[in-house]
file final-v8.cif (mmCIF, C-alpha atoms and all ligand atoms)
data_coords
#
loop_
_atom_site.label_atom_id
_atom_site.label_comp_id
_atom_site.auth_asym_id
_atom_site.auth_seq_id
_atom_site.Cartn_x
_atom_site.Cartn_y
_atom_site.Cartn_z
CA MET W 162 66.26 -5.43 6.84
CA SER W 163 63.50 -3.55 5.03
CA THR W 164 62.91 -4.04 1.28
CA ARG W 165 64.45 -0.62 0.65
CA GLU W 166 67.59 -1.55 2.59
CA LYS W 167 67.85 -4.86 0.73
CA LEU W 168 67.42 -3.08 -2.61
CA LEU W 169 70.11 -0.59 -1.70
CA ALA W 170 72.47 -3.40 -0.66
CA LEU W 171 71.90 -5.23 -3.98
CA LEU W 172 72.52 -2.08 -6.00
CA LYS W 173 75.64 -1.21 -3.98
CA GLU W 174 77.06 -4.71 -4.49
CA SER W 175 76.99 -4.05 -8.25
CA ARG W 176 78.08 -0.42 -8.03
CA GLY W 177 78.91 0.94 -11.51
CA THR W 178 77.12 -1.85 -13.41
CA CYS W 179 73.48 -2.27 -14.36
CA VAL W 180 71.20 -4.61 -12.41
CA SER W 181 68.06 -5.60 -14.27
CA GLY W 182 64.66 -4.78 -12.85
CA GLU W 183 63.74 -8.44 -13.34
CA SER W 184 66.56 -9.76 -11.13
CA LEU W 185 65.68 -7.21 -8.46
CA THR W 186 62.00 -8.22 -8.43
CA GLU W 187 63.03 -11.87 -8.16
CA LYS W 188 65.51 -11.35 -5.35
CA LEU W 189 63.31 -8.98 -3.39
CA LYS W 190 60.08 -10.83 -4.15
CA VAL W 191 58.24 -7.60 -4.95
CA SER W 192 56.65 -6.13 -8.08
CA ARG W 193 58.41 -3.97 -10.68
CA ALA W 194 56.27 -1.04 -9.51
CA ALA W 195 57.51 -1.54 -5.95
CA VAL W 196 61.15 -1.57 -7.10
CA SER W 197 60.69 1.64 -9.04
CA LYS W 198 58.89 3.24 -6.06
CA HIS W 199 61.82 2.38 -3.75
CA VAL W 200 64.38 3.60 -6.30
CA ALA W 201 62.46 6.91 -6.52
CA ALA W 202 62.50 7.23 -2.72
CA LEU W 203 66.23 6.51 -2.58
CA ARG W 204 66.88 9.14 -5.25
CA GLN W 205 64.76 11.56 -3.26
CA ASN W 206 67.17 10.98 -0.37
CA GLY W 207 70.13 11.87 -2.57
CA TYR W 208 71.31 8.48 -3.86
CA ASP W 209 72.59 8.71 -7.42
CA ILE W 210 70.93 5.76 -9.20
CA ALA W 211 70.76 5.77 -12.99
CA ALA W 212 67.94 3.94 -14.78
CA SER W 213 68.36 2.81 -18.39
CA PRO W 214 65.37 1.33 -20.18
CA GLY W 215 65.92 -2.33 -20.98
CA LYS W 216 69.08 -2.55 -18.85
CA GLY W 217 67.99 -1.75 -15.33
CA TYR W 218 69.42 0.33 -12.51
CA MET W 219 72.98 1.38 -11.81
CA PHE W 220 74.17 2.62 -8.42
CA ARG W 221 76.63 5.50 -8.76
CA GLU W 222 76.98 7.55 -5.63
CA THR W 223 76.04 7.53 -1.94
CA PRO W 224 75.05 10.83 -0.34
CA ASP W 225 76.99 11.63 2.80
CA LEU W 226 73.87 11.47 4.94
CA LEU W 227 73.14 9.69 8.18
CA LEU W 228 70.12 7.89 6.75
CA PRO W 229 69.14 4.68 8.60
CA GLU W 230 69.74 2.55 5.46
CA GLU W 231 73.22 4.07 5.12
CA ILE W 232 74.12 3.45 8.76
CA ARG W 233 72.80 -0.12 8.72
CA HIS W 234 74.69 -1.07 5.55
CA GLY W 235 77.80 -2.88 6.80
CA LEU W 236 77.06 -2.12 10.47
CA GLU W 237 78.84 -4.76 12.57
CA THR W 238 76.95 -4.46 15.86
CA ALA W 239 74.52 -6.78 17.57
CA VAL W 240 72.34 -4.15 19.25
CA PHE W 241 73.30 -0.50 18.72
CA GLY W 242 71.81 0.80 15.46
CA GLN W 243 70.15 -2.56 14.78
CA LYS W 244 66.97 -1.46 16.54
CA THR W 245 65.04 1.69 15.79
CA ILE W 246 67.00 4.48 14.12
CA ASP W 247 64.99 7.65 14.54
CA TYR W 248 66.34 9.92 11.80
CA HIS W 249 65.78 13.66 11.34
CA THR W 250 67.14 16.25 8.95
CA LEU W 251 66.54 18.88 11.63
CA ILE W 252 65.49 18.44 15.24
CA ALA W 253 65.75 20.58 18.38
CA SER W 254 68.02 18.12 20.23
CA THR W 255 68.65 14.41 19.65
CA ASN W 256 69.10 13.98 23.42
CA ASP W 257 65.64 15.44 24.09
CA ARG W 258 64.12 13.14 21.47
CA ALA W 259 65.97 10.09 22.84
CA LYS W 260 64.70 10.91 26.34
CA GLU W 261 61.13 11.08 25.00
CA LEU W 262 61.55 7.70 23.28
CA ALA W 263 63.15 6.16 26.38
CA ALA W 264 60.31 7.43 28.59
CA GLU W 265 57.90 5.72 26.18
CA GLY W 266 59.80 2.46 26.67
CA ALA W 267 62.23 2.41 23.71
CA GLU W 268 64.71 -0.42 24.03
CA GLU W 269 68.45 -0.35 24.54
CA GLY W 270 70.27 0.26 21.28
CA THR W 271 67.72 2.76 19.93
CA LEU W 272 69.47 5.53 18.06
CA VAL W 273 68.43 9.10 17.30
CA LEU W 274 70.36 10.72 14.47
CA ALA W 275 70.06 14.18 12.97
CA GLU W 276 71.78 16.08 10.19
CA ASN W 277 71.38 19.20 12.28
CA GLN W 278 69.93 20.50 15.57
CA SER W 279 68.25 23.82 16.25
CA SER W 280 68.79 23.73 20.04
CA GLY W 281 71.69 21.31 20.52
CA ARG W 282 72.63 21.13 24.20
CA GLY W 283 76.03 20.85 25.82
CA ARG W 284 77.12 20.22 29.39
CA LYS W 285 76.22 22.71 32.13
CA GLY W 286 73.39 24.31 30.14
CA ARG W 287 75.64 25.39 27.29
CA SER W 288 74.56 25.16 23.68
CA TRP W 289 76.14 22.89 21.09
CA PHE W 290 76.70 24.18 17.57
CA SER W 291 76.34 21.97 14.50
CA ASP W 292 76.13 22.76 10.79
CA GLU W 293 73.87 20.83 8.45
CA GLY W 294 75.67 17.93 6.85
CA GLY W 295 78.96 18.85 8.52
CA GLY W 296 78.59 17.26 11.91
CA ILE W 297 77.20 14.21 13.62
CA CYS W 298 74.39 14.63 16.15
CA LEU W 299 73.64 11.27 17.69
CA SER W 300 71.99 9.99 20.86
CA MET W 301 71.81 6.42 22.08
CA ILE W 302 69.47 4.82 24.59
CA LEU W 303 71.08 2.52 27.17
CA ARG W 304 69.43 0.49 29.88
CA PRO W 305 72.41 -0.62 31.92
CA VAL W 306 72.03 -2.74 35.00
CA MET W 307 74.16 -0.53 37.21
CA ASN W 308 74.09 1.66 40.24
CA PRO W 309 73.35 5.33 39.32
CA ALA W 310 76.62 6.30 41.05
CA GLU W 311 78.51 4.36 38.38
CA ALA W 312 76.81 6.00 35.40
CA SER W 313 79.61 8.55 34.87
CA ARG W 314 81.68 5.58 33.68
CA LEU W 315 79.53 5.47 30.57
CA THR W 316 80.66 8.97 29.61
CA LEU W 317 84.34 8.10 30.01
CA MET W 318 83.78 4.89 28.09
CA THR W 319 82.08 6.81 25.27
CA ALA W 320 85.05 9.17 25.08
CA VAL W 321 87.40 6.18 24.73
CA ALA W 322 85.28 4.61 21.97
CA LEU W 323 84.99 7.92 20.14
CA ALA W 324 88.65 8.91 20.40
CA GLU W 325 89.85 5.49 19.25
CA THR W 326 87.40 5.55 16.32
CA MET W 327 88.55 9.01 15.25
CA THR W 328 92.17 7.85 15.16
CA ASP W 329 91.23 4.67 13.23
CA VAL W 330 89.32 6.65 10.63
CA THR W 331 91.63 9.63 10.16
CA GLY W 332 95.02 8.61 11.57
CA LEU W 333 94.92 11.78 13.69
CA SER W 334 96.40 11.70 17.15
CA VAL W 335 93.62 12.88 19.47
CA ASN W 336 93.44 13.13 23.21
CA ILE W 337 90.77 13.28 25.89
CA LYS W 338 90.42 16.24 28.18
CA TRP W 339 88.76 15.24 31.43
CA PRO W 340 86.05 14.24 31.57
CA ASN W 341 84.97 13.80 27.97
CA ASP W 342 86.09 16.40 25.46
CA ILE W 343 88.08 15.05 22.53
CA LEU W 344 90.79 17.39 21.37
CA VAL W 345 93.23 17.60 18.52
CA ARG W 346 96.12 20.05 18.92
CA GLY W 347 94.25 21.46 21.93
CA ARG W 348 91.04 22.15 19.99
CA LYS W 349 87.71 20.46 20.61
CA LEU W 350 86.43 17.99 18.02
CA SER W 351 83.50 16.58 19.90
CA GLY W 352 81.43 16.67 23.05
CA ILE W 353 79.45 14.09 24.99
CA LEU W 354 76.32 14.76 27.02
CA THR W 355 75.10 11.91 29.23
CA GLU W 356 71.69 12.15 30.87
CA MET W 357 70.10 9.63 33.18
CA SER W 358 66.73 8.72 34.58
CA MET W 359 66.81 6.69 37.76
CA GLU W 360 64.51 5.09 40.28
CA MET W 361 65.81 4.75 43.84
CA ASP W 362 69.06 2.84 43.47
CA ARG W 363 68.74 1.65 39.90
CA VAL W 364 69.17 3.23 36.51
CA ASP W 365 66.02 3.37 34.40
CA TYR W 366 67.70 4.62 31.25
CA VAL W 367 70.73 6.58 30.13
CA VAL W 368 70.90 8.74 27.03
CA VAL W 369 74.40 9.26 25.68
CA GLY W 370 74.54 12.16 23.23
CA VAL W 371 77.52 12.66 20.97
CA GLY W 372 78.28 15.67 18.81
CA VAL W 373 81.23 15.56 16.42
CA ASN W 374 82.58 18.23 14.10
CA VAL W 375 83.32 16.09 11.06
CA ASN W 376 83.25 18.07 7.80
CA SER W 377 82.12 21.25 9.53
CA ASP W 378 83.12 24.52 7.93
CA SER W 379 85.18 26.26 10.62
CA ARG W 380 84.07 29.67 9.29
CA LEU W 381 80.57 28.78 10.51
CA PHE W 382 81.66 28.08 14.10
CA PRO W 383 80.16 30.69 16.47
CA ALA W 384 82.65 33.40 17.49
CA ASP W 385 82.94 32.12 21.08
CA VAL W 386 84.21 28.70 19.98
CA ARG W 387 86.00 29.54 16.71
CA ASP W 388 89.43 29.55 18.36
CA ILE W 389 88.88 26.46 20.45
CA ALA W 390 86.99 24.15 18.06
CA ALA W 391 88.25 21.98 15.21
CA SER W 392 86.82 19.57 12.66
CA LEU W 393 88.11 16.13 11.69
CA ALA W 394 88.20 17.01 7.98
CA GLY W 395 89.96 20.30 8.66
CA GLU W 396 92.66 18.49 10.64
CA ALA W 397 92.94 15.45 8.38
CA GLY W 398 92.97 17.59 5.23
CA ARG W 399 90.30 15.49 3.52
CA PRO W 400 86.55 14.92 3.83
CA VAL W 401 85.51 12.16 6.22
CA SER W 402 82.46 9.93 5.65
CA ARG W 403 80.10 10.60 8.53
CA ALA W 404 78.17 7.36 8.03
CA ASP W 405 81.38 5.33 8.15
CA LEU W 406 82.43 7.15 11.32
CA VAL W 407 79.05 6.43 12.95
CA ARG W 408 79.19 2.72 12.01
CA ARG W 409 82.72 2.28 13.34
CA PHE W 410 81.94 4.26 16.48
CA LEU W 411 78.85 2.14 17.23
CA LYS W 412 80.89 -1.04 16.87
CA ARG W 413 83.61 0.16 19.23
CA PHE W 414 81.07 1.63 21.63
CA GLU W 415 79.26 -1.70 21.83
CA GLU W 416 82.55 -3.55 22.45
CA CYS W 417 83.48 -1.16 25.28
CA TYR W 418 79.98 -1.35 26.74
CA SER W 419 80.05 -5.15 26.90
CA LEU W 420 83.50 -4.92 28.44
CA ILE W 421 82.34 -2.75 31.32
CA THR W 422 79.08 -4.55 31.91
CA GLY W 423 80.93 -7.89 31.80
CA GLN W 424 84.41 -7.43 33.23
CA GLY W 425 84.32 -4.12 35.07
CA PHE W 426 85.73 -0.72 34.34
CA LYS W 427 89.49 -1.06 34.85
CA ALA W 428 90.36 -2.02 31.26
CA ILE W 429 88.46 0.99 29.90
CA MET W 430 90.00 3.31 32.48
CA ASP W 431 93.48 2.16 31.37
CA ARG W 432 92.57 3.01 27.77
CA TRP W 433 91.14 6.36 28.92
CA LYS W 434 94.43 7.16 30.70
CA ALA W 435 96.43 6.24 27.61
CA LEU W 436 94.41 8.82 25.67
CA SER W 437 94.67 11.57 28.24
CA ASP W 438 97.69 13.56 29.37
CA ILE W 439 95.92 15.14 32.35
CA ILE W 440 97.80 13.28 35.12
CA GLY W 441 100.65 15.43 36.43
CA ARG W 442 99.31 18.61 34.78
CA ASP W 443 98.76 21.89 36.62
CA VAL W 444 95.11 22.79 36.35
CA ALA W 445 92.41 25.12 37.51
CA VAL W 446 89.06 23.42 37.97
CA ASP W 447 85.88 25.45 37.85
CA LEU W 448 83.25 24.02 40.15
CA ILE W 449 79.82 25.49 40.79
CA GLY W 450 80.63 28.81 42.46
CA SER W 451 84.32 28.13 43.16
CA ARG W 452 87.67 27.37 41.56
CA ILE W 453 90.48 25.13 42.74
CA ARG W 454 94.06 25.20 41.49
CA GLY W 455 96.51 22.38 41.79
CA ARG W 456 98.16 19.37 40.18
CA VAL W 457 96.24 16.34 38.92
CA GLU W 458 97.40 13.28 40.86
CA ASP W 459 95.11 10.72 39.31
CA VAL W 460 91.87 9.94 37.61
CA ASP W 461 90.55 7.12 39.76
CA GLY W 462 88.76 3.90 38.89
CA ASP W 463 85.42 5.76 38.78
CA GLY W 464 86.73 8.55 36.58
CA ILE W 465 86.96 11.03 39.48
CA LEU W 466 89.64 13.70 39.05
CA VAL W 467 92.03 13.78 42.01
CA VAL W 468 93.68 17.20 42.43
CA ARG W 469 96.18 18.24 45.13
CA ASP W 470 96.05 22.00 45.67
CA GLU W 471 98.94 24.29 46.62
CA GLN W 472 98.15 23.80 50.34
CA GLY W 473 98.42 20.04 49.94
CA GLU W 474 94.71 19.41 50.27
CA VAL W 475 93.35 16.67 48.01
CA HIS W 476 90.10 17.35 46.11
CA ARG W 477 88.06 14.63 44.44
CA VAL W 478 86.19 16.23 41.56
CA ILE W 479 83.18 14.50 40.07
CA SER W 480 82.09 17.28 37.74
CA GLY W 481 83.78 20.50 36.70
CA ASP W 482 85.55 22.37 33.90
CA VAL W 483 89.29 21.89 33.67
CA LEU W 484 91.60 24.64 32.46
CA LEU W 485 95.14 23.50 31.72
CA GLN W 486 97.29 26.07 33.52
CA ASP W 487 100.44 25.32 31.54
CA LEU W 488 98.57 26.33 28.37
CA GLN W 489 97.26 29.61 29.76
CA ALA W 490 98.88 32.84 28.64
C1 LIG B 501 79.55 19.29 25.55
O1 LIG B 501 80.70 19.24 25.11
O2 LIG B 501 79.19 20.20 26.31
C2 LIG B 501 78.59 18.21 25.16
C3 LIG B 501 78.01 18.42 23.78
C4 LIG B 501 77.05 17.33 23.37
C5 LIG B 501 76.36 17.60 22.05
C6 LIG B 501 75.53 16.45 21.58
S1 LIG B 501 75.01 16.64 19.92
C7 LIG B 501 73.92 15.29 20.09
C8 LIG B 501 73.31 15.38 21.45
N1 LIG B 501 72.13 16.23 21.44
C9 LIG B 501 72.28 17.33 22.15
O3 LIG B 501 71.43 18.23 22.30
N2 LIG B 501 73.51 17.34 22.71
C10 LIG B 501 74.26 16.16 22.37
#

call {"tool": "encode", "arguments": {"input": "final-v8.cif", "output": "structure tokens", "more": "lines below"}}
Ligand code: BTN
result
Amino acid sequence: MSTREKLLALLKESRGTCVSGESLTEKLKVSRAAVSKHVAALRQNGYDIAASPGKGYMFRETPDLLLPEEIRHGLETAVFGQKTIDYHTLIASTNDRAKELAAEGAEEGTLVLAENQSSGRGRKGRSWFSDEGGGICLSMILRPVMNPAEASRLTLMTAVALAETMTDVTGLSVNIKWPNDILVRGRKLSGILTEMSMEMDRVDYVVVGVGVNVNSDSRLFPADVRDIAASLAGEAGRPVSRADLVRRFLKRFEECYSLITGQGFKAIMDRWKALSDIIGRDVAVDLIGSRIRGRVEDVDGDGILVVRDEQGEVHRVISGDVLLQDLQA
């Protein structure tokens, strides 16, 4: 923990009461000038810390920002978020930045976080909208020892971790639309973009990018997604702490990740199925240049969508866009 993080933790422990400058210098083993420099920097970042001469400092309010010191405070992971957190108020794309860092050798568990993105990317070359301070834009670097053919499991696993975290935090009942969209009442709350670099038959690194509409103002959603997107706060009817959501997500993500690297994928796939109502549904699946219509028979142990079309032919879909036919007008 850096001195600034330790200072913040000490002030938070005594939230609402004054902590003397003297006790802080003793505990942190730094000078008075250093304490006041760190307090000034924290205030600059939006922390509400009062200073009263002769009494010391009093912590009053945390900004709802995704600052590294905020994420690390109370973070119960061993790896994810405990390494480098590369934080930005605005960046083109956290996935692009994470790929740069991974190519330079960044270790597993490295996190890129941004308050906003100017060129957020979605699946299939689409763009991803986020509003400053309203959403979460996060990318994680993974270095799994797995065959590249199995990497799609990481996306399904991320969807499980994210959906379960959303329900824990808000009480909302969410579900997963194959392969990885998280919906509430049929509207999209979040998206996952997984990108991989591989060498022959082994994965070099995987970047898992997660975008969540948390406190996003739905009036700001672009016209093409306004009717199909939702935010957690809008659905829950109250603001949601983004930092808390990130911390809880990282913990669950890490648990799921150790589960699949240790015991295999079946347990996660069972949880994925419990969160998805796709099996048995009539769907149209848009593939590159074609569309199939049929009924979903299964999502198999590798997350592949198994669809039987009207002629009885079975299609195994690795990647595509699913349209639920029973919801179409
Ligand atoms: C999708 O639903 O198409 C996937 C959207 C993924 C968006 C996230 S936001 C953080 C990360 N950085 C990006 O540029 N994209 C992902």

call {"tool": "closest_atom_pairs", "arguments": {"input": "final-v8.cif", "of": "chain W", "to": "ligand LIG 501 (chain B)", "cutoff": "10 Å", "atoms": "all atoms listed in the file", "output": "Markdown table"}}
result
| residue | atom | partner | partner_atom | distance |
| --- | --- | --- | --- | --- |
| W:Ile252 | CA | B:LIG501 | O3 | 9.2 |
| W:Ala253 | CA | B:LIG501 | O3 | 7.3 |
| W:Ser254 | CA | B:LIG501 | O3 | 4.0 |
| W:Thr255 | CA | B:LIG501 | N1 | 4.3 |
| W:Asn256 | CA | B:LIG501 | N1 | 4.3 |
| W:Asp257 | CA | B:LIG501 | O3 | 6.7 |
| W:Arg258 | CA | B:LIG501 | N1 | 8.6 |
| W:Ala259 | CA | B:LIG501 | N1 | 8.8 |
| W:Val273 | CA | B:LIG501 | C7 | 8.7 |
| W:Leu274 | CA | B:LIG501 | C7 | 8.1 |
| W:Ala275 | CA | B:LIG501 | C7 | 8.2 |
| W:Asn277 | CA | B:LIG501 | S1 | 8.8 |
| W:Gln278 | CA | B:LIG501 | O3 | 7.3 |
| W:Ser279 | CA | B:LIG501 | O3 | 8.8 |
| W:Ser280 | CA | B:LIG501 | O3 | 6.5 |
| W:Gly281 | CA | B:LIG501 | O3 | 3.6 |
| W:Arg282 | CA | B:LIG501 | O3 | 3.7 |
| W:Gly283 | CA | B:LIG501 | O2 | 3.3 |
| W:Arg284 | CA | B:LIG501 | O2 | 3.7 |
| W:Lys285 | CA | B:LIG501 | O2 | 7.0 |
| W:Gly286 | CA | B:LIG501 | O2 | 8.1 |
| W:Arg287 | CA | B:LIG501 | O2 | 6.4 |
| W:Ser288 | CA | B:LIG501 | O2 | 7.3 |
| W:Trp289 | CA | B:LIG501 | C5 | 5.4 |
| W:Phe290 | CA | B:LIG501 | C5 | 8.0 |
| W:Ser291 | CA | B:LIG501 | S1 | 7.7 |
| W:Gly296 | CA | B:LIG501 | S1 | 8.8 |
| W:Ile297 | CA | B:LIG501 | S1 | 7.1 |
| W:Cys298 | CA | B:LIG501 | C7 | 4.0 |
| W:Leu299 | CA | B:LIG501 | C7 | 4.7 |
| W:Ser300 | CA | B:LIG501 | C8 | 5.6 |
| W:Met301 | CA | B:LIG501 | C8 | 9.1 |
| W:Pro340 | CA | B:LIG501 | O1 | 9.8 |
| W:Asn341 | CA | B:LIG501 | O1 | 7.5 |
| W:Asp342 | CA | B:LIG501 | O1 | 6.1 |
| W:Ile343 | CA | B:LIG501 | O1 | 8.9 |
| W:Lys349 | CA | B:LIG501 | O1 | 8.4 |
| W:Leu350 | CA | B:LIG501 | O1 | 9.2 |
| W:Ser351 | CA | B:LIG501 | O1 | 6.5 |
| W:Gly352 | CA | B:LIG501 | O1 | 3.4 |
| W:Ile353 | CA | B:LIG501 | C2 | 4.2 |
| W:Leu354 | CA | B:LIG501 | C4 | 4.5 |
| W:Thr355 | CA | B:LIG501 | C10 | 8.1 |
| W:Glu356 | CA | B:LIG501 | C10 | 9.7 |
| W:Val368 | CA | B:LIG501 | C8 | 9.0 |
| W:Val369 | CA | B:LIG501 | C8 | 7.5 |
| W:Gly370 | CA | B:LIG501 | C8 | 3.9 |
| W:Val371 | CA | B:LIG501 | C6 | 4.3 |
| W:Gly372 | CA | B:LIG501 | S1 | 3.6 |
| W:Val373 | CA | B:LIG501 | S1 | 7.2 |
| W:Asn374 | CA | B:LIG501 | S1 | 9.7 |

call {"tool": "atom_distance", "arguments": {"input": "final-v8.cif", "atom1": "atom CA of Pro229 of chain W", "atom2": "atom CA of Val364 of chain W"}}
result
27.9 Å

call {"tool": "residues_near_point", "arguments": {"input": "final-v8.cif", "point": "(97.7, 21.0, 41.6)", "cutoff": "6 Å", "atoms": "all atoms listed in the file", "output": "ChimeraX atom specification"}}
result
/W:443,454-457,468-470

call {"tool": "atom_distance", "arguments": {"input": "final-v8.cif", "atom1": "atom CA of Ala428 of chain W", "atom2": "atom CA of Glu360 of chain W"}}
result
28.3 Å

call {"tool": "closest_residue", "arguments": {"input": "final-v8.cif", "among": "W:Asp378, W:Glu237, W:Glu174, W:Asp463", "to": "Glu416 of chain W", "atoms": "all atoms listed in the file"}}
result
W:Glu237

call {"tool": "atom_distance", "arguments": {"input": "final-v8.cif", "atom1": "atom CA of Val240 of chain W", "atom2": "atom CA of Gly270 of chain W"}}
result
5.3 Å

call {"tool": "closest_residue", "arguments": {"input": "final-v8.cif", "among": "W:Thr164, W:Ser181, W:Ser419, W:Ser451", "to": "Lys216 of chain W", "atoms": "only C-alpha atoms"}}
result
W:Ser181

call {"tool": "residues_near_point", "arguments": {"input": "final-v8.cif", "point": "(72.2, 3.2, 44.3)", "cutoff": "10 Å", "atoms": "all atoms listed in the file", "output": "count of residues only"}}
result
11

call {"tool": "closest_atom_pairs", "arguments": {"input": "final-v8.cif", "of": "segment 239-283 of chain W", "to": "segment 232-235 of chain W", "cutoff": "12 Å", "atoms": "only C-alpha atoms", "output": "tab-separated table"}}
result
residue	atom	partner	partner_atom	distance
W:Ala239	CA	W:Arg233	CA	11.2
W:Val240	CA	W:Arg233	CA	11.3
W:Phe241	CA	W:Arg233	CA	10.0
W:Gly242	CA	W:Arg233	CA	6.9
W:Gln243	CA	W:Arg233	CA	7.0
W:Lys244	CA	W:Arg233	CA	9.8
W:Thr245	CA	W:Arg233	CA	10.7
W:Ile246	CA	W:Ile232	CA	9.0
W:Asp247	CA	W:Ile232	CA	11.6
W:Tyr248	CA	W:Ile232	CA	10.6
W:Leu272	CA	W:Ile232	CA	10.6
W:Val273	CA	W:Ile232	CA	11.7
W:Leu274	CA	W:Ile232	CA	10.0

call {"tool": "closest_residue", "arguments": {"input": "final-v8.cif", "among": "W:Asn376, W:Gln472, W:Ser192, W:Thr186", "to": "Gly398 of chain W", "atoms": "all atoms listed in the file"}}
result
W:Asn376

call {"tool": "residues_around", "arguments": {"input": "final-v8.cif", "residues": "segment 168-170 of chain W", "least_positions_apart": "2", "cutoff": "10 Å", "atoms": "all atoms listed in the file", "output": "VMD selection string"}}
result
chain W and resid 162 to 166 172 to 176 185 to 186 188 to 189 196 199 to 200 203 208 210 220 230 to 231 233 to 235

call {"tool": "closest_residue", "arguments": {"input": "final-v8.cif", "among": "W:Thr422, W:Ala322, W:Val330, W:Val191", "to": "Pro305 of chain W", "atoms": "all atoms listed in the file"}}
result
W:Thr422

call {"tool": "closest_residue", "arguments": {"input": "final-v8.cif", "among": "W:Leu333, W:Met318, W:Leu411, W:Leu236", "to": "Leu393 of chain W", "atoms": "only C-alpha atoms"}}
result
W:Leu333

call {"tool": "axis_aligned_box", "arguments": {"input": "final-v8.cif", "around": "segment 355-365 of chain W", "padding_each_side": "4 Å", "output": "AutoDock Vina command-line options"}}
result
--center_x 69.8 --center_y 6.9 --center_z 36.5 --size_x 18.6 --size_y 18.5 --size_z 22.6

call {"tool": "closest_residue", "arguments": {"input": "final-v8.cif", "among": "W:Val460, W:Ile439, W:Ala394, W:Ile449", "to": "Lys427 of chain W", "atoms": "only C-alpha atoms"}}
result
W:Val460

call {"tool": "build_atoms", "arguments": {"input": "final-v8.cif", "residues": "segment 450-454 of chain W", "atoms": "all heavy atoms", "output": "PDB file, in the coordinates of the input"}}
result
ATOM      1  N   GLY W 450      80.393  27.738  41.497  1.00  0.00           N
ATOM      2  CA  GLY W 450      80.630  28.810  42.460  1.00  0.00           C
ATOM      3  C   GLY W 450      82.041  28.878  43.036  1.00  0.00           C
ATOM      4  O   GLY W 450      82.311  29.731  43.882  1.00  0.00           O
ATOM      5  N   SER W 451      82.960  28.016  42.641  1.00  0.00           N
ATOM      6  CA  SER W 451      84.320  28.130  43.160  1.00  0.00           C
ATOM      7  C   SER W 451      85.333  27.577  42.157  1.00  0.00           C
ATOM      8  O   SER W 451      84.962  26.916  41.179  1.00  0.00           O
ATOM      9  CB  SER W 451      84.462  27.392  44.495  1.00  0.00           C
ATOM     10  OG  SER W 451      84.335  26.004  44.283  1.00  0.00           O
ATOM     11  N   ARG W 452      86.616  27.866  42.452  1.00  0.00           N
ATOM     12  CA  ARG W 452      87.670  27.370  41.560  1.00  0.00           C
ATOM     13  C   ARG W 452      88.796  26.800  42.422  1.00  0.00           C
ATOM     14  O   ARG W 452      89.152  27.399  43.438  1.00  0.00           O
ATOM     15  CB  ARG W 452      88.195  28.532  40.715  1.00  0.00           C
ATOM     16  CG  ARG W 452      89.430  28.172  39.934  1.00  0.00           C
ATOM     17  CD  ARG W 452      89.904  29.310  39.049  1.00  0.00           C
ATOM     18  NE  ARG W 452      89.191  29.325  37.778  1.00  0.00           N
ATOM     19  CZ  ARG W 452      89.658  29.935  36.682  1.00  0.00           C
ATOM     20  NH1 ARG W 452      90.809  30.590  36.713  1.00  0.00           N
ATOM     21  NH2 ARG W 452      88.984  29.908  35.560  1.00  0.00           N
ATOM     22  N   ILE W 453      89.302  25.634  42.033  1.00  0.00           N
ATOM     23  CA  ILE W 453      90.480  25.130  42.740  1.00  0.00           C
ATOM     24  C   ILE W 453      91.651  25.082  41.760  1.00  0.00           C
ATOM     25  O   ILE W 453      91.453  24.889  40.561  1.00  0.00           O
ATOM     26  CB  ILE W 453      90.262  23.716  43.360  1.00  0.00           C
ATOM     27  CG1 ILE W 453      89.660  22.748  42.341  1.00  0.00           C
ATOM     28  CG2 ILE W 453      89.415  23.774  44.591  1.00  0.00           C
ATOM     29  CD1 ILE W 453      89.603  21.313  42.846  1.00  0.00           C
ATOM     30  N   ARG W 454      92.846  25.296  42.308  1.00  0.00           N
ATOM     31  CA  ARG W 454      94.060  25.200  41.490  1.00  0.00           C
ATOM     32  C   ARG W 454      94.957  24.152  42.089  1.00  0.00           C
ATOM     33  O   ARG W 454      95.078  24.059  43.307  1.00  0.00           O
ATOM     34  CB  ARG W 454      94.826  26.529  41.511  1.00  0.00           C
ATOM     35  CG  ARG W 454      94.214  27.612  40.688  1.00  0.00           C
ATOM     36  CD  ARG W 454      95.038  28.886  40.859  1.00  0.00           C
ATOM     37  NE  ARG W 454      94.290  30.026  40.370  1.00  0.00           N
ATOM     38  CZ  ARG W 454      94.201  30.364  39.100  1.00  0.00           C
ATOM     39  NH1 ARG W 454      94.827  29.657  38.175  1.00  0.00           N
ATOM     40  NH2 ARG W 454      93.495  31.419  38.733  1.00  0.00           N
TER      41      ARG W 454
END
